[in-house]
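Colleague: Sharing a structure, written as structure tokens. Questions coming.
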2 protein chains.
Amino acid sequence: MKEILREIGMIARALDSISNIEFKEFDLTKGQYLYLVRICENPGIIQEQLVDMIKVDRSTATRALQKLVINDFIEKKEDPYNKKIKRLFPTEKGKKVYPFIKRENEHSDLVALKGFSEKEAEAAFDLLQRIRKNVEKDWESVKKGNKRDY
Amino acid sequence: MKEILREIGMIARALDSISNIEFKEFDLTKGQYLYLVRICENPGIIQEQLVDMIKVDRSTATRALQKLVINDFIEKKEDPYNKKIKRLFPTEKGKKVYPFIKRENEHSDLVALKGFSEKEAEAAFDLLQRIRKNVEKDWESVKKGNKRDY
DNA sequence: TTTAATTTGTTGCAAATGCAACAAACAAAG
DNA sequence: CTTTGTTTGTTGCATTTGCAACAAATTAAA
């Protein structure tokens with residue numbers, strides 16, 4: 001059995017660690033960049049969708065978003081038709097930081113794919129997407145309290 | 001530019017989240033399984049090597065290992081030739097838990113690779129290893145305080 | 001050998017993380 | 001319409017996480 005999960009864990013921790021260090025320059029604390037990019041790319045998105053995209057606990061998201069609001073990177077707006085949800089939008093400050101995050105992320109992708117041919121890069125992306133889709137089913141299930149048999 | 005980094009982040013967080021939930025059954029708290037499997041597979045390994053394998057902060061490792069010692073999963077032994085390092089070994093209790101962790105991890109690998117042909121699985125592993133090697137160079141550099149240009 | 005640099009490991013904060021337990025709005029079922 | 005279930009979001013609490021700043025042992029250099 002190929003231990004792809006360990007490789008993925010190493011890569012993810014390394015890249016996340018790097019990003020967190022690099023984004024301190026913009027006064028973004030640990031993990032915040034994850035939320036901010038996605039809100040910039042999907043203005044009006046709600047927290048629960050963000051949670052599904054990022055794969056993080058709901059309570060963690062609540063607090064990360066609260067802090068992004070306090071530090072004026074995003075704002076929460078009520079929906080006229082649904083009092084339960086809060087739509088998230090980047091502020092001017094948030095929009096200004098976005099290109100830097102984007103650029104850094106692209107650089108990391110570039111580093112990750114160094115030495116890859118066009119074909120290989122495509123293949124990697126394709127395979128990873130499939131893995132992600134496979135894995136997120138289990139995540140949703142386990143998060144809801146279901147048990148996996150193994 | 002293919003955003004493989006996002007896919008990898010999603011997969012890693014989802015799988016880590018699942019593992020942490022599943023290993024509570026064995027009284028392992030968040031992240032501890034990462035250290036324990038590697039110590040079981042590399043008895044006598046030292047903390048710094050573990051840090052490089054897992055890609056985590058040194059101080060985080062110190063505390064995770066302290067807790068594994070307290071809960072009797074591992075023990076630290078001094079090296080006769082080097083007073084600085086502490087060699088890590090699984091206890092009986094640690095050895096007993098190992099197969100369950102291993103099994104769970106294998107199950108997750110299996111889930112991740114569902115629908116993959118033998119060839120595709122091989123390809124995925126190969127590509128991931130290359131990505132990991134690319135990324136760990138930057139991680140080591142940035143962790144030492146160097147800046148990346150992007 | 002003495003000095004300087006590197007490796008390895010630990011603590012003190014301050015902060016993020018996530019499981020529970022909850023509440024409120026909404027949707028579905030009766 | 002009322003009841004029941006689901007979705008969305010928040011807090012309390014305990015824990016993990018990681019940057020700094022440090023100390024001690026080891027290795028390299030002078």
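Here, A, B, ... name the chains of the structure tokens in the order displayed, residue numbers run from 1 inside each chain, and ligands are numbered from 1 in the same displayed order.
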Within 10 Å of chain B, which residues of chain C are there when counting only C-alpha atoms (C1' of nucleotides)? Please give them as a list in words.

Modeller: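 Taken together, these residues fit the definition: DT7, DT8, DG9, DT10, DT11, DT17, DG18 and DC19 of chain C.
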
Colleague: Is it possible to see chain A as a compact mmCIF listing (two decimals) with N, CA and C atoms, in the first residue's frame, once it has been laid onto chain B by a least-squares fit on every C-alpha atom in order?

Modeller:
```txt
# COMPACT_ATOMS: atom_id res chain seq x y z
N MET A 1 -2.30 28.33 -13.97
CA MET A 1 -1.60 27.61 -12.89
C MET A 1 -2.55 26.71 -12.12
N LYS A 2 -2.22 25.45 -12.07
CA LYS A 2 -3.03 24.47 -11.35
C LYS A 2 -2.87 24.64 -9.84
N GLU A 3 -3.96 24.79 -9.17
CA GLU A 3 -3.87 25.03 -7.73
C GLU A 3 -3.84 23.74 -6.93
N ILE A 4 -2.73 23.07 -7.07
CA ILE A 4 -2.61 21.79 -6.39
C ILE A 4 -2.50 21.95 -4.88
N LEU A 5 -1.96 23.08 -4.49
CA LEU A 5 -1.75 23.35 -3.07
C LEU A 5 -3.07 23.39 -2.30
N ARG A 6 -4.10 23.91 -2.92
CA ARG A 6 -5.40 23.95 -2.25
C ARG A 6 -5.98 22.57 -2.09
N GLU A 7 -5.83 21.77 -3.14
CA GLU A 7 -6.32 20.40 -3.07
C GLU A 7 -5.61 19.64 -1.96
N ILE A 8 -4.30 19.81 -1.93
CA ILE A 8 -3.51 19.11 -0.92
C ILE A 8 -3.91 19.55 0.48
N GLY A 9 -4.13 20.84 0.65
CA GLY A 9 -4.56 21.34 1.95
C GLY A 9 -5.87 20.74 2.39
N MET A 10 -6.82 20.70 1.46
CA MET A 10 -8.13 20.12 1.80
C MET A 10 -8.01 18.67 2.21
N ILE A 11 -7.29 17.92 1.41
CA ILE A 11 -7.12 16.49 1.69
C ILE A 11 -6.46 16.29 3.05
N ALA A 12 -5.40 17.02 3.28
CA ALA A 12 -4.65 16.84 4.52
C ALA A 12 -5.49 17.20 5.75
N ARG A 13 -6.19 18.31 5.68
CA ARG A 13 -7.01 18.69 6.83
C ARG A 13 -8.13 17.69 7.07
N ALA A 14 -8.74 17.22 5.99
CA ALA A 14 -9.83 16.26 6.14
C ALA A 14 -9.33 14.97 6.78
N LEU A 15 -8.22 14.46 6.27
CA LEU A 15 -7.72 13.19 6.80
C LEU A 15 -7.21 13.32 8.22
N ASP A 16 -6.56 14.43 8.51
CA ASP A 16 -6.04 14.65 9.85
C ASP A 16 -7.20 14.74 10.83
N SER A 17 -8.21 15.45 10.43
CA SER A 17 -9.40 15.60 11.25
C SER A 17 -10.04 14.25 11.57
N ILE A 18 -10.18 13.43 10.55
CA ILE A 18 -10.73 12.09 10.73
C ILE A 18 -9.87 11.26 11.68
N SER A 19 -8.57 11.26 11.45
CA SER A 19 -7.67 10.47 12.29
C SER A 19 -7.75 10.91 13.75
N ASN A 20 -7.74 12.20 13.97
CA ASN A 20 -7.79 12.68 15.35
C ASN A 20 -9.04 12.23 16.07
N ILE A 21 -10.15 12.23 15.34
CA ILE A 21 -11.40 11.76 15.93
C ILE A 21 -11.32 10.27 16.22
N GLU A 22 -10.78 9.51 15.27
CA GLU A 22 -10.76 8.07 15.42
C GLU A 22 -9.77 7.58 16.48
N PHE A 23 -8.70 8.33 16.70
CA PHE A 23 -7.69 7.86 17.65
C PHE A 23 -7.97 8.26 19.08
N LYS A 24 -9.02 9.05 19.27
CA LYS A 24 -9.38 9.37 20.66
C LYS A 24 -9.76 8.12 21.42
N GLU A 25 -10.23 7.16 20.67
CA GLU A 25 -10.57 5.86 21.24
C GLU A 25 -9.38 5.22 21.96
N PHE A 26 -8.18 5.54 21.51
CA PHE A 26 -6.97 4.98 22.12
C PHE A 26 -6.28 5.98 23.03
N ASP A 27 -7.02 7.02 23.42
CA ASP A 27 -6.48 8.06 24.30
C ASP A 27 -5.31 8.83 23.70
N LEU A 28 -5.32 8.89 22.37
CA LEU A 28 -4.31 9.72 21.70
C LEU A 28 -4.96 11.05 21.36
N THR A 29 -4.33 12.13 21.79
CA THR A 29 -4.90 13.44 21.48
C THR A 29 -4.32 13.96 20.18
N LYS A 30 -4.85 15.07 19.77
CA LYS A 30 -4.57 15.66 18.46
C LYS A 30 -3.09 15.62 18.04
N GLY A 31 -2.82 14.97 16.95
CA GLY A 31 -1.49 14.98 16.38
C GLY A 31 -0.56 13.88 16.88
N GLN A 32 -0.90 13.29 18.02
CA GLN A 32 0.04 12.35 18.63
C GLN A 32 0.33 11.13 17.76
N TYR A 33 -0.64 10.71 17.00
CA TYR A 33 -0.44 9.53 16.17
C TYR A 33 0.70 9.72 15.18
N LEU A 34 0.89 10.96 14.73
CA LEU A 34 1.96 11.25 13.79
C LEU A 34 3.32 10.83 14.34
N TYR A 35 3.53 11.18 15.60
CA TYR A 35 4.81 10.88 16.23
C TYR A 35 4.92 9.39 16.56
N LEU A 36 3.85 8.88 17.12
CA LEU A 36 3.91 7.49 17.59
C LEU A 36 4.20 6.48 16.47
N VAL A 37 3.52 6.59 15.35
CA VAL A 37 3.81 5.64 14.25
C VAL A 37 5.26 5.69 13.84
N ARG A 38 5.77 6.89 13.74
CA ARG A 38 7.15 7.02 13.25
C ARG A 38 8.17 6.51 14.25
N ILE A 39 7.87 6.68 15.52
CA ILE A 39 8.77 6.14 16.54
C ILE A 39 8.71 4.61 16.54
N CYS A 40 7.54 4.07 16.34
CA CYS A 40 7.42 2.61 16.27
C CYS A 40 8.19 2.05 15.07
N GLU A 41 8.15 2.79 13.99
CA GLU A 41 8.82 2.31 12.78
C GLU A 41 10.31 2.62 12.77
N ASN A 42 10.71 3.57 13.60
CA ASN A 42 12.13 3.96 13.67
C ASN A 42 12.57 4.08 15.12
N PRO A 43 12.56 2.98 15.84
CA PRO A 43 12.91 3.07 17.25
C PRO A 43 14.33 3.62 17.41
N GLY A 44 14.49 4.55 18.35
CA GLY A 44 15.80 5.16 18.56
C GLY A 44 15.94 6.48 17.83
N ILE A 45 14.93 6.85 17.09
CA ILE A 45 14.94 8.11 16.36
C ILE A 45 14.97 9.27 17.36
N ILE A 46 15.53 10.39 16.95
CA ILE A 46 15.54 11.54 17.85
C ILE A 46 14.54 12.60 17.39
N GLN A 47 14.24 13.49 18.29
CA GLN A 47 13.20 14.49 18.05
C GLN A 47 13.43 15.29 16.77
N GLU A 48 14.67 15.72 16.57
CA GLU A 48 14.94 16.58 15.43
C GLU A 48 14.66 15.88 14.10
N GLN A 49 14.92 14.60 14.04
CA GLN A 49 14.61 13.84 12.82
C GLN A 49 13.11 13.73 12.61
N LEU A 50 12.42 13.57 13.71
CA LEU A 50 10.97 13.49 13.70
C LEU A 50 10.39 14.81 13.18
N VAL A 51 10.96 15.89 13.64
CA VAL A 51 10.52 17.22 13.21
C VAL A 51 10.65 17.36 11.69
N ASP A 52 11.76 16.86 11.16
CA ASP A 52 11.97 16.93 9.72
C ASP A 52 11.01 16.03 8.95
N MET A 53 10.71 14.91 9.53
CA MET A 53 9.80 13.97 8.87
C MET A 53 8.37 14.51 8.84
N ILE A 54 7.97 15.10 9.95
CA ILE A 54 6.58 15.50 10.10
C ILE A 54 6.33 16.92 9.60
N LYS A 55 7.36 17.72 9.66
CA LYS A 55 7.24 19.14 9.27
C LYS A 55 6.39 19.92 10.26
N VAL A 56 6.91 19.98 11.45
CA VAL A 56 6.21 20.63 12.53
C VAL A 56 7.24 21.43 13.33
N ASP A 57 6.77 22.36 14.13
CA ASP A 57 7.71 23.17 14.89
C ASP A 57 8.36 22.34 16.00
N ARG A 58 9.62 22.69 16.29
CA ARG A 58 10.37 21.96 17.30
C ARG A 58 9.67 21.98 18.65
N SER A 59 9.13 23.11 19.00
CA SER A 59 8.50 23.23 20.31
C SER A 59 7.20 22.42 20.39
N THR A 60 6.52 22.35 19.28
CA THR A 60 5.31 21.53 19.23
C THR A 60 5.68 20.07 19.45
N ALA A 61 6.75 19.66 18.81
CA ALA A 61 7.22 18.28 18.95
C ALA A 61 7.62 17.99 20.39
N THR A 62 8.35 18.90 20.98
CA THR A 62 8.77 18.71 22.38
C THR A 62 7.57 18.37 23.25
N ARG A 63 6.54 19.18 23.12
CA ARG A 63 5.39 18.99 24.01
C ARG A 63 4.56 17.76 23.66
N ALA A 64 4.44 17.48 22.38
CA ALA A 64 3.71 16.28 21.98
C ALA A 64 4.41 15.05 22.53
N LEU A 65 5.75 15.05 22.46
CA LEU A 65 6.52 13.91 22.93
C LEU A 65 6.47 13.80 24.45
N GLN A 66 6.52 14.94 25.12
CA GLN A 66 6.40 14.93 26.58
C GLN A 66 5.10 14.24 26.99
N LYS A 67 4.07 14.57 26.25
CA LYS A 67 2.77 14.00 26.60
C LYS A 67 2.70 12.51 26.30
N LEU A 68 3.35 12.11 25.22
CA LEU A 68 3.39 10.68 24.89
C LEU A 68 4.15 9.91 25.96
N VAL A 69 5.17 10.56 26.54
CA VAL A 69 5.92 9.93 27.63
C VAL A 69 5.03 9.81 28.86
N ILE A 70 4.40 10.91 29.24
CA ILE A 70 3.53 10.93 30.42
C ILE A 70 2.43 9.87 30.31
N ASN A 71 1.88 9.72 29.13
CA ASN A 71 0.81 8.74 28.94
C ASN A 71 1.32 7.35 28.60
N ASP A 72 2.64 7.18 28.75
CA ASP A 72 3.25 5.87 28.65
C ASP A 72 3.13 5.22 27.26
N PHE A 73 3.17 6.03 26.22
CA PHE A 73 3.20 5.47 24.87
C PHE A 73 4.64 5.31 24.37
N ILE A 74 5.50 6.18 24.84
CA ILE A 74 6.92 6.12 24.42
C ILE A 74 7.81 6.41 25.63
N GLU A 75 9.12 6.18 25.44
CA GLU A 75 10.07 6.61 26.46
C GLU A 75 11.30 7.22 25.82
N LYS A 76 11.91 8.13 26.55
CA LYS A 76 13.13 8.78 26.08
C LYS A 76 14.31 8.14 26.77
N LYS A 77 15.32 7.77 25.97
CA LYS A 77 16.53 7.20 26.56
C LYS A 77 17.74 8.04 26.14
N GLU A 78 18.66 8.22 27.06
CA GLU A 78 19.86 8.98 26.73
C GLU A 78 20.78 8.14 25.86
N ASP A 79 21.50 8.85 25.03
CA ASP A 79 22.49 8.20 24.19
C ASP A 79 23.81 8.17 24.94
N PRO A 80 24.52 7.02 24.92
CA PRO A 80 25.78 6.92 25.68
C PRO A 80 26.88 7.81 25.12
N TYR A 81 26.81 8.15 23.85
CA TYR A 81 27.89 8.90 23.22
C TYR A 81 27.57 10.37 22.99
N ASN A 82 26.33 10.73 23.26
CA ASN A 82 25.92 12.10 22.97
C ASN A 82 24.87 12.55 23.98
N LYS A 83 25.31 13.42 24.86
CA LYS A 83 24.43 13.82 25.96
C LYS A 83 23.29 14.73 25.51
N LYS A 84 23.44 15.26 24.29
CA LYS A 84 22.47 16.25 23.84
C LYS A 84 21.16 15.61 23.37
N ILE A 85 21.31 14.49 22.73
CA ILE A 85 20.14 13.87 22.10
C ILE A 85 19.43 12.87 23.01
N LYS A 86 18.15 12.68 22.74
CA LYS A 86 17.37 11.69 23.48
C LYS A 86 16.72 10.75 22.49
N ARG A 87 17.02 9.51 22.60
CA ARG A 87 16.47 8.54 21.66
C ARG A 87 15.08 8.09 22.11
N LEU A 88 14.21 7.97 21.13
CA LEU A 88 12.81 7.69 21.43
C LEU A 88 12.44 6.25 21.09
N PHE A 89 11.74 5.62 22.01
CA PHE A 89 11.32 4.23 21.82
C PHE A 89 9.86 4.05 22.24
N PRO A 90 9.16 3.18 21.54
CA PRO A 90 7.79 2.89 21.97
C PRO A 90 7.80 2.01 23.21
N THR A 91 6.84 2.20 24.10
CA THR A 91 6.66 1.28 25.23
C THR A 91 5.79 0.12 24.75
N GLU A 92 5.54 -0.80 25.64
CA GLU A 92 4.64 -1.91 25.29
C GLU A 92 3.27 -1.38 24.87
N LYS A 93 2.80 -0.43 25.64
CA LYS A 93 1.51 0.19 25.33
C LYS A 93 1.53 0.83 23.94
N GLY A 94 2.61 1.53 23.66
CA GLY A 94 2.75 2.16 22.35
C GLY A 94 2.76 1.14 21.23
N LYS A 95 3.50 0.06 21.45
CA LYS A 95 3.58 -1.00 20.43
C LYS A 95 2.22 -1.63 20.18
N LYS A 96 1.40 -1.67 21.24
CA LYS A 96 0.08 -2.28 21.10
C LYS A 96 -0.85 -1.43 20.26
N VAL A 97 -0.70 -0.13 20.36
CA VAL A 97 -1.59 0.76 19.62
C VAL A 97 -1.19 0.85 18.14
N TYR A 98 0.09 0.66 17.91
CA TYR A 98 0.62 0.84 16.55
C TYR A 98 -0.18 0.17 15.44
N PRO A 99 -0.51 -1.12 15.57
CA PRO A 99 -1.25 -1.76 14.48
C PRO A 99 -2.58 -1.08 14.15
N PHE A 100 -3.21 -0.51 15.16
CA PHE A 100 -4.49 0.15 14.92
C PHE A 100 -4.30 1.44 14.11
N ILE A 101 -3.26 2.16 14.46
CA ILE A 101 -2.97 3.38 13.71
C ILE A 101 -2.64 3.03 12.27
N LYS A 102 -1.78 2.05 12.15
CA LYS A 102 -1.36 1.59 10.83
C LYS A 102 -2.56 1.19 9.97
N ARG A 103 -3.43 0.45 10.60
CA ARG A 103 -4.62 -0.03 9.91
C ARG A 103 -5.52 1.11 9.48
N GLU A 104 -5.69 2.07 10.36
CA GLU A 104 -6.53 3.23 10.05
C GLU A 104 -5.92 4.01 8.91
N ASN A 105 -4.62 4.23 8.98
CA ASN A 105 -3.95 4.96 7.92
C ASN A 105 -4.08 4.26 6.58
N GLU A 106 -3.93 2.96 6.61
CA GLU A 106 -4.07 2.20 5.37
C GLU A 106 -5.49 2.32 4.81
N HIS A 107 -6.43 2.31 5.72
CA HIS A 107 -7.81 2.47 5.28
C HIS A 107 -8.00 3.83 4.61
N SER A 108 -7.43 4.84 5.18
CA SER A 108 -7.55 6.18 4.60
C SER A 108 -6.88 6.25 3.23
N ASP A 109 -5.74 5.60 3.11
CA ASP A 109 -5.07 5.55 1.81
C ASP A 109 -5.98 4.86 0.78
N LEU A 110 -6.62 3.81 1.25
CA LEU A 110 -7.51 3.05 0.38
C LEU A 110 -8.69 3.91 -0.07
N VAL A 111 -9.26 4.61 0.87
CA VAL A 111 -10.38 5.51 0.55
C VAL A 111 -9.92 6.58 -0.44
N ALA A 112 -8.77 7.13 -0.16
CA ALA A 112 -8.24 8.21 -1.01
C ALA A 112 -8.05 7.74 -2.44
N LEU A 113 -7.63 6.49 -2.60
CA LEU A 113 -7.30 5.96 -3.93
C LEU A 113 -8.45 5.16 -4.54
N LYS A 114 -9.61 5.29 -4.01
CA LYS A 114 -10.76 4.57 -4.54
C LYS A 114 -10.98 4.95 -6.01
N GLY A 115 -11.14 3.96 -6.85
CA GLY A 115 -11.35 4.23 -8.27
C GLY A 115 -10.05 4.40 -9.05
N PHE A 116 -8.93 4.26 -8.36
CA PHE A 116 -7.64 4.40 -9.04
C PHE A 116 -7.17 3.03 -9.53
N SER A 117 -6.62 3.01 -10.73
CA SER A 117 -5.98 1.79 -11.20
C SER A 117 -4.63 1.66 -10.50
N GLU A 118 -4.05 0.49 -10.61
CA GLU A 118 -2.73 0.26 -10.04
C GLU A 118 -1.74 1.31 -10.55
N LYS A 119 -1.78 1.54 -11.83
CA LYS A 119 -0.88 2.51 -12.47
C LYS A 119 -1.09 3.92 -11.93
N GLU A 120 -2.36 4.28 -11.80
CA GLU A 120 -2.67 5.63 -11.32
C GLU A 120 -2.21 5.83 -9.88
N ALA A 121 -2.38 4.80 -9.07
CA ALA A 121 -1.95 4.89 -7.68
C ALA A 121 -0.44 5.07 -7.61
N GLU A 122 0.26 4.31 -8.42
CA GLU A 122 1.71 4.44 -8.49
C GLU A 122 2.11 5.85 -8.90
N ALA A 123 1.43 6.33 -9.94
CA ALA A 123 1.73 7.66 -10.46
C ALA A 123 1.49 8.72 -9.39
N ALA A 124 0.38 8.58 -8.67
CA ALA A 124 0.05 9.54 -7.62
C ALA A 124 1.15 9.57 -6.56
N PHE A 125 1.57 8.41 -6.15
CA PHE A 125 2.61 8.34 -5.12
C PHE A 125 3.91 8.96 -5.60
N ASP A 126 4.25 8.63 -6.81
CA ASP A 126 5.48 9.16 -7.40
C ASP A 126 5.46 10.68 -7.49
N LEU A 127 4.36 11.21 -7.99
CA LEU A 127 4.24 12.65 -8.13
C LEU A 127 4.27 13.34 -6.76
N LEU A 128 3.58 12.74 -5.82
CA LEU A 128 3.53 13.33 -4.48
C LEU A 128 4.89 13.35 -3.81
N GLN A 129 5.63 12.29 -4.01
CA GLN A 129 6.98 12.26 -3.44
C GLN A 129 7.84 13.37 -4.02
N ARG A 130 7.70 13.57 -5.30
CA ARG A 130 8.49 14.63 -5.95
C ARG A 130 8.06 16.00 -5.44
N ILE A 131 6.76 16.19 -5.30
CA ILE A 131 6.27 17.46 -4.77
C ILE A 131 6.81 17.67 -3.36
N ARG A 132 6.75 16.64 -2.57
CA ARG A 132 7.22 16.75 -1.18
C ARG A 132 8.69 17.14 -1.13
N LYS A 133 9.48 16.51 -1.99
CA LYS A 133 10.91 16.83 -1.99
C LYS A 133 11.15 18.28 -2.41
N ASN A 134 10.38 18.73 -3.38
CA ASN A 134 10.48 20.13 -3.81
C ASN A 134 10.14 21.09 -2.67
N VAL A 135 9.07 20.75 -1.98
CA VAL A 135 8.54 21.67 -0.99
C VAL A 135 9.39 21.70 0.28
N GLU A 136 9.96 20.56 0.63
CA GLU A 136 10.67 20.54 1.91
C GLU A 136 11.95 21.38 1.90
N LYS A 137 12.48 21.58 0.74
CA LYS A 137 13.64 22.48 0.65
C LYS A 137 13.26 23.88 1.11
N ASP A 138 12.15 24.38 0.58
CA ASP A 138 11.69 25.71 0.97
C ASP A 138 11.34 25.76 2.45
N TRP A 139 10.73 24.72 2.92
CA TRP A 139 10.33 24.69 4.33
C TRP A 139 11.54 24.82 5.24
N GLU A 140 12.56 24.03 4.94
CA GLU A 140 13.77 24.08 5.76
C GLU A 140 14.38 25.48 5.73
N SER A 141 14.38 26.05 4.55
CA SER A 141 14.96 27.38 4.39
C SER A 141 14.17 28.45 5.13
N VAL A 142 12.87 28.46 4.93
CA VAL A 142 12.02 29.47 5.57
C VAL A 142 12.03 29.31 7.09
N LYS A 143 12.05 28.08 7.54
CA LYS A 143 12.08 27.81 8.97
C LYS A 143 13.36 28.35 9.61
N LYS A 144 14.42 28.38 8.82
CA LYS A 144 15.70 28.89 9.34
C LYS A 144 15.72 30.41 9.33
N GLY A 145 14.67 31.02 8.79
CA GLY A 145 14.59 32.48 8.81
C GLY A 145 14.85 33.13 7.46
N ASN A 146 15.15 32.33 6.45
CA ASN A 146 15.38 32.90 5.12
C ASN A 146 14.07 33.35 4.49
N LYS A 147 14.19 34.31 3.60
CA LYS A 147 13.01 34.81 2.90
C LYS A 147 12.94 34.26 1.49
N ARG A 148 11.75 33.99 1.03
CA ARG A 148 11.57 33.57 -0.35
C ARG A 148 11.24 34.79 -1.19
N ASP A 149 11.71 34.81 -2.40
CA ASP A 149 11.32 35.89 -3.33
C ASP A 149 10.19 35.40 -4.21
N TYR A 150 9.14 36.17 -4.24
CA TYR A 150 8.02 35.79 -5.10
C TYR A 150 7.24 37.01 -5.57
```

Colleague: Pull out every residue of chain D sitting within 8 Å of chain A, counting only C-alpha atoms (C1' of nucleotides), and send them as a PyMOL selection string.

Modeller: chain D and resi 8-10

Colleague: Go through chain A and collect every residue that DSSP, computed from the backbone, puts in helix (DSSP H, G or I); the answer should be as a PyMOL selection string.

Modeller: chain A and resi 4-26+32-41+47-54+58-70+92-112+118-143

Colleague: Please report the interatomic distance between C1' of DA21 (chain D) and C1' of DA15 (chain C) in Å with one decimal.

Modeller: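 Separating C1' of DA21 (chain D) from C1' of DA15 (chain C) is a distance of 17.6 Å.
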
Colleague: Could you please write out, as number ranges by chain, every residue of region 74-108 of chain B that DSSP assigns to strand (DSSP E)?

Modeller: B: 74-78, 86-90

Colleague: Would you put the residues from that selection into a file with N, CA, C and O atoms, as a compact mmCIF listing (two decimals), in the first residue's frame?

Modeller:
```txt
# COMPACT_ATOMS: atom_id res chain seq x y z
N ILE B 74 5.50 6.20 24.83
CA ILE B 74 6.91 6.14 24.42
C ILE B 74 7.81 6.41 25.62
O ILE B 74 7.33 6.84 26.67
N GLU B 75 9.12 6.18 25.43
CA GLU B 75 10.07 6.62 26.46
C GLU B 75 11.30 7.24 25.80
O GLU B 75 11.66 6.90 24.67
N LYS B 76 11.92 8.14 26.53
CA LYS B 76 13.14 8.79 26.06
C LYS B 76 14.33 8.14 26.75
O LYS B 76 14.33 7.97 27.96
N LYS B 77 15.33 7.79 25.96
CA LYS B 77 16.54 7.23 26.54
C LYS B 77 17.75 8.07 26.14
O LYS B 77 17.84 8.53 25.02
N GLU B 78 18.66 8.25 27.07
CA GLU B 78 19.86 9.01 26.72
C GLU B 78 20.79 8.17 25.86
O GLU B 78 20.83 6.94 25.96
N LYS B 86 18.16 12.70 22.72
CA LYS B 86 17.38 11.71 23.46
C LYS B 86 16.72 10.76 22.48
O LYS B 86 15.95 11.20 21.63
N ARG B 87 17.03 9.51 22.61
CA ARG B 87 16.48 8.54 21.66
C ARG B 87 15.10 8.10 22.11
O ARG B 87 14.85 7.88 23.28
N LEU B 88 14.22 7.97 21.12
CA LEU B 88 12.81 7.69 21.43
C LEU B 88 12.45 6.26 21.08
O LEU B 88 12.78 5.76 20.01
N PHE B 89 11.74 5.61 22.01
CA PHE B 89 11.32 4.23 21.82
C PHE B 89 9.88 4.05 22.25
O PHE B 89 9.43 4.70 23.19
N PRO B 90 9.16 3.18 21.55
CA PRO B 90 7.79 2.90 21.98
C PRO B 90 7.81 2.01 23.22
O PRO B 90 8.69 1.16 23.37
```
